[in-house]
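To keep things clear, I will list the structure first and then write my remarks on it.
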Amino acid sequence: MRILLVEDEPDISRQLKAALTDAGYVVDVAPDGEEGQFLGETEPYDAVVLDLGLPKVDGVSVLERWRRAGLATPVLILTARGGWSDKVAGFDAGADDYLTKPFHTEELLARLRALLRRAAGHAQPQLSCGDLRLDPKAARATVNGEPLRLTSLEYRMLHYMMMHRDRVISRTELVEHLYDQDFDRDSNTIEVFIGRLRKKVGSDRIETVRGLGYRLMPVGAA
Ligand code: CA
């Protein structure tokens with residue numbers, strides 16, 4: 001899952017990027033509203049963390065422009081303490097959730113998990129497909145109760161596929177949601193990583209749909 005973080009305070013930005021990366025997300029950071037708006041419009045993020053007090057273009061304006069352009073990505077806004085009117089403006093502009101600074105990183109991660117889950121239409125905090133389970137909180141997956149040893153990329157791939165387990169996912173889509181903007185993206189390498197993931201989860205769990213992409217198959221009892 002790929003997250004956009006729009007935050008101008010370098011310390012908070014660094015700290016959040018590290019925490020999000022540790023939690024198994026791939027993160028792009030924008031230090032001002034202008035770049036944030038641009039990235040949000042041009043890259044397909046799974047969720048956005050948007051500070052409201054930003055240089056160049058303020059967060060509420062960025063959000064209004066995104067929503068006017070039809071962008072449906074879930075957005076969590078960060079507001080200053082006591083800024084109740086900012087929260088109202090943020091929600092009216094199309095925010096899905098908020099956090100007031102200062103906040104605990106754990107709370108941000110929990111809210112983000114909930115946003116991602118709701119956006120993908122899941123109610124359960126744990127994702128499952130047959131006897132394959134993935135716990136986004138622990139960033140861990142199991143098959144029939146046995147833990148899988150996944151690299152961070154394999155975990156991201158499985159997480160994304162389990163979030164969208166009811167449909168075929170193209171290689172391009174996987175590339176766009178597994179790597180950050182600085183990565184030299186080549187959709188041919190996806191096939192290699194799918195091969196490695198298949199070896200770990202069992203080859204019958206990932207179906208290749210010729211010309212379209214991949215689909216997760218439920219194997220074993222749920
Ligand atoms: Ca700020």
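Following the order of the structure tokens, chains are lettered A, B, ..., residues in each are numbered from 1, and ligands are numbered from 1.
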
List as a Markdown table every residue of stretch 45-116 of chain A that is in contact with stretch 10-20 of chain A, defined as an atom at most 9 Å from one of its atoms (using only C-alpha atoms), together with the nearest atom pair and the distance in Å rounded to one decimal, sorted by chain and then rising number.
```
| residue | atom | partner | partner_atom | distance |
| --- | --- | --- | --- | --- |
| A:Thr105 | CA | A:Leu16 | CA | 7.3 |
| A:Glu106 | CA | A:Ala19 | CA | 8.9 |
| A:Leu109 | CA | A:Leu20 | CA | 7.4 |
```

Considering only C-alpha atoms and all ligand atoms, tabulate each residue of chain A that lies at most 8 Å from ligand 1 along with its nearest interatomic pair and the corresponding distance in Å to one decimal; arrange the rows by chain and ascending residue number and present them as CSV.
```
residue,atom,partner,partner_atom_place_in_ligand_line,distance
A:Glu7,CA,ligand 1,1 (Ca),6.0
A:Asp8,CA,ligand 1,1 (Ca),5.2
A:Glu9,CA,ligand 1,1 (Ca),5.8
A:Asp51,CA,ligand 1,1 (Ca),5.7
A:Leu52,CA,ligand 1,1 (Ca),6.4
A:Gly53,CA,ligand 1,1 (Ca),4.0
A:Leu54,CA,ligand 1,1 (Ca),4.9
A:Pro55,CA,ligand 1,1 (Ca),7.7
```

Just the selected residues (N, CA, C and O atoms), exported as an mmCIF file, in the first residue's frame, please.
```
data_model
loop_
_atom_site.group_PDB
_atom_site.id
_atom_site.type_symbol
_atom_site.label_atom_id
_atom_site.label_comp_id
_atom_site.auth_asym_id
_atom_site.auth_seq_id
_atom_site.Cartn_x
_atom_site.Cartn_y
_atom_site.Cartn_z
ATOM 1 N N GLU A 7 3.649 17.131 4.561
ATOM 2 C CA GLU A 7 3.996 17.696 5.873
ATOM 3 C C GLU A 7 5.242 18.557 5.709
ATOM 4 O O GLU A 7 6.226 18.127 5.115
ATOM 5 N N ASP A 8 5.173 19.798 6.234
ATOM 6 C CA ASP A 8 6.303 20.709 6.040
ATOM 7 C C ASP A 8 7.308 20.713 7.185
ATOM 8 O O ASP A 8 8.413 21.222 7.023
ATOM 9 N N GLU A 9 6.937 20.169 8.341
ATOM 10 C CA GLU A 9 7.904 20.153 9.444
ATOM 11 C C GLU A 9 8.830 18.945 9.282
ATOM 12 O O GLU A 9 8.377 17.803 9.377
ATOM 13 N N ASP A 51 -1.128 17.463 6.254
ATOM 14 C CA ASP A 51 -1.075 18.540 7.235
ATOM 15 C C ASP A 51 -1.866 19.715 6.656
ATOM 16 O O ASP A 51 -1.857 19.936 5.441
ATOM 17 N N LEU A 52 -2.561 20.470 7.518
ATOM 18 C CA LEU A 52 -3.350 21.583 6.973
ATOM 19 C C LEU A 52 -2.537 22.868 6.845
ATOM 20 O O LEU A 52 -2.709 23.632 5.896
ATOM 21 N N GLY A 53 -1.614 23.099 7.806
ATOM 22 C CA GLY A 53 -0.784 24.298 7.735
ATOM 23 C C GLY A 53 0.441 24.042 6.873
ATOM 24 O O GLY A 53 1.418 23.456 7.330
ATOM 25 N N LEU A 54 0.363 24.440 5.602
ATOM 26 C CA LEU A 54 1.438 24.128 4.657
ATOM 27 C C LEU A 54 1.879 25.373 3.905
ATOM 28 O O LEU A 54 1.061 26.255 3.645
ATOM 29 N N PRO A 55 3.164 25.451 3.523
ATOM 30 C CA PRO A 55 3.604 26.542 2.656
ATOM 31 C C PRO A 55 3.057 26.399 1.227
ATOM 32 O O PRO A 55 2.679 25.300 0.827
#
```

What parts of stretch 10-72 of chain A does DSSP call alpha helix (DSSP H)? I'd like the answer as a ChimeraX atom specification. /A:10-22,33-42,59-68

Near A:Arg118, within 12 Å and counting only C-alpha atoms, which residues show up once chain neighbours fewer than 4 positions away are dropped, as a list in words? Asp46, Ala47, Thr73, Pro74, Asp96, Asp97, Arg111, Leu112, Arg113, Ala114, His122, Ala123, Gln124, Pro125, Met163 and His164 of chain A

May I have the selected residues written with N, CA and C atoms, as a PDB file, in the first residue's frame?
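That gives us again-v1.pdb:
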```pdb
ATOM      1  N   ASP A  46      -2.937   4.965  -1.937  1.00  0.00           N
ATOM      2  CA  ASP A  46      -4.003   4.249  -1.238  1.00  0.00           C
ATOM      3  C   ASP A  46      -4.592   5.108  -0.125  1.00  0.00           C
ATOM      4  N   ALA A  47      -3.780   6.032   0.397  1.00  0.00           N
ATOM      5  CA  ALA A  47      -4.275   6.987   1.396  1.00  0.00           C
ATOM      6  C   ALA A  47      -3.308   8.160   1.470  1.00  0.00           C
ATOM      7  N   THR A  73      -9.392   9.137  -3.034  1.00  0.00           N
ATOM      8  CA  THR A  73      -8.444   8.583  -2.056  1.00  0.00           C
ATOM      9  C   THR A  73      -8.774   9.039  -0.631  1.00  0.00           C
ATOM     10  N   PRO A  74      -8.768   8.109   0.341  1.00  0.00           N
ATOM     11  CA  PRO A  74      -9.016   8.539   1.725  1.00  0.00           C
ATOM     12  C   PRO A  74      -7.923   9.487   2.236  1.00  0.00           C
ATOM     13  N   ASP A  96     -11.474  12.473   5.507  1.00  0.00           N
ATOM     14  CA  ASP A  96     -12.131  11.273   6.022  1.00  0.00           C
ATOM     15  C   ASP A  96     -11.870  11.058   7.500  1.00  0.00           C
ATOM     16  N   ASP A  97     -10.804  11.649   7.996  1.00  0.00           N
ATOM     17  CA  ASP A  97     -10.459  11.498   9.403  1.00  0.00           C
ATOM     18  C   ASP A  97      -9.463  12.595   9.759  1.00  0.00           C
ATOM     19  N   ARG A 111      -5.487   4.673  12.749  1.00  0.00           N
ATOM     20  CA  ARG A 111      -6.495   5.384  11.945  1.00  0.00           C
ATOM     21  C   ARG A 111      -6.304   5.112  10.458  1.00  0.00           C
ATOM     22  N   LEU A 112      -5.042   5.043  10.065  1.00  0.00           N
ATOM     23  CA  LEU A 112      -4.724   4.753   8.671  1.00  0.00           C
ATOM     24  C   LEU A 112      -5.173   3.340   8.277  1.00  0.00           C
ATOM     25  N   ARG A 113      -4.933   2.399   9.151  1.00  0.00           N
ATOM     26  CA  ARG A 113      -5.388   1.021   8.881  1.00  0.00           C
ATOM     27  C   ARG A 113      -6.902   0.997   8.683  1.00  0.00           C
ATOM     28  N   ALA A 114      -7.615   1.732   9.556  1.00  0.00           N
ATOM     29  CA  ALA A 114      -9.077   1.766   9.458  1.00  0.00           C
ATOM     30  C   ALA A 114      -9.517   2.417   8.147  1.00  0.00           C
ATOM     31  N   HIS A 122     -13.567  -3.469   3.452  1.00  0.00           N
ATOM     32  CA  HIS A 122     -13.437  -4.542   4.440  1.00  0.00           C
ATOM     33  C   HIS A 122     -13.853  -4.046   5.823  1.00  0.00           C
ATOM     34  N   ALA A 123     -14.515  -4.933   6.573  1.00  0.00           N
ATOM     35  CA  ALA A 123     -14.883  -4.576   7.939  1.00  0.00           C
ATOM     36  C   ALA A 123     -13.912  -5.185   8.949  1.00  0.00           C
ATOM     37  N   GLN A 124     -13.379  -6.361   8.608  1.00  0.00           N
ATOM     38  CA  GLN A 124     -12.476  -7.066   9.520  1.00  0.00           C
ATOM     39  C   GLN A 124     -11.083  -6.432   9.518  1.00  0.00           C
ATOM     40  N   PRO A 125     -10.498  -6.252  10.717  1.00  0.00           N
ATOM     41  CA  PRO A 125      -9.140  -5.715  10.752  1.00  0.00           C
ATOM     42  C   PRO A 125      -8.107  -6.676  10.156  1.00  0.00           C
ATOM     43  N   MET A 163      -6.053  -6.939   0.039  1.00  0.00           N
ATOM     44  CA  MET A 163      -6.990  -5.818   0.127  1.00  0.00           C
ATOM     45  C   MET A 163      -7.961  -5.844  -1.051  1.00  0.00           C
ATOM     46  N   HIS A 164      -7.460  -6.305  -2.203  1.00  0.00           N
ATOM     47  CA  HIS A 164      -8.280  -6.315  -3.431  1.00  0.00           C
ATOM     48  C   HIS A 164      -8.423  -7.742  -3.944  1.00  0.00           C
TER      49      HIS A 164
END
```

Mind checking which residues fall within 10 Å of A:Thr21, counting only C-alpha atoms, ignoring those fewer than 6 positions away in the same chain, and posting them as a PyMOL selection string? chain A and resi 2-3+15+27+152

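The coordinates place atom CA of A:Arg117 at 11.6 Å from atom CA of A:Asp135.
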
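Counting only C-alpha atoms, the residue from A:Ala110, A:Leu5, A:Ala120, A:Leu150 that sits nearest to A:Pro136 is A:Ala110.
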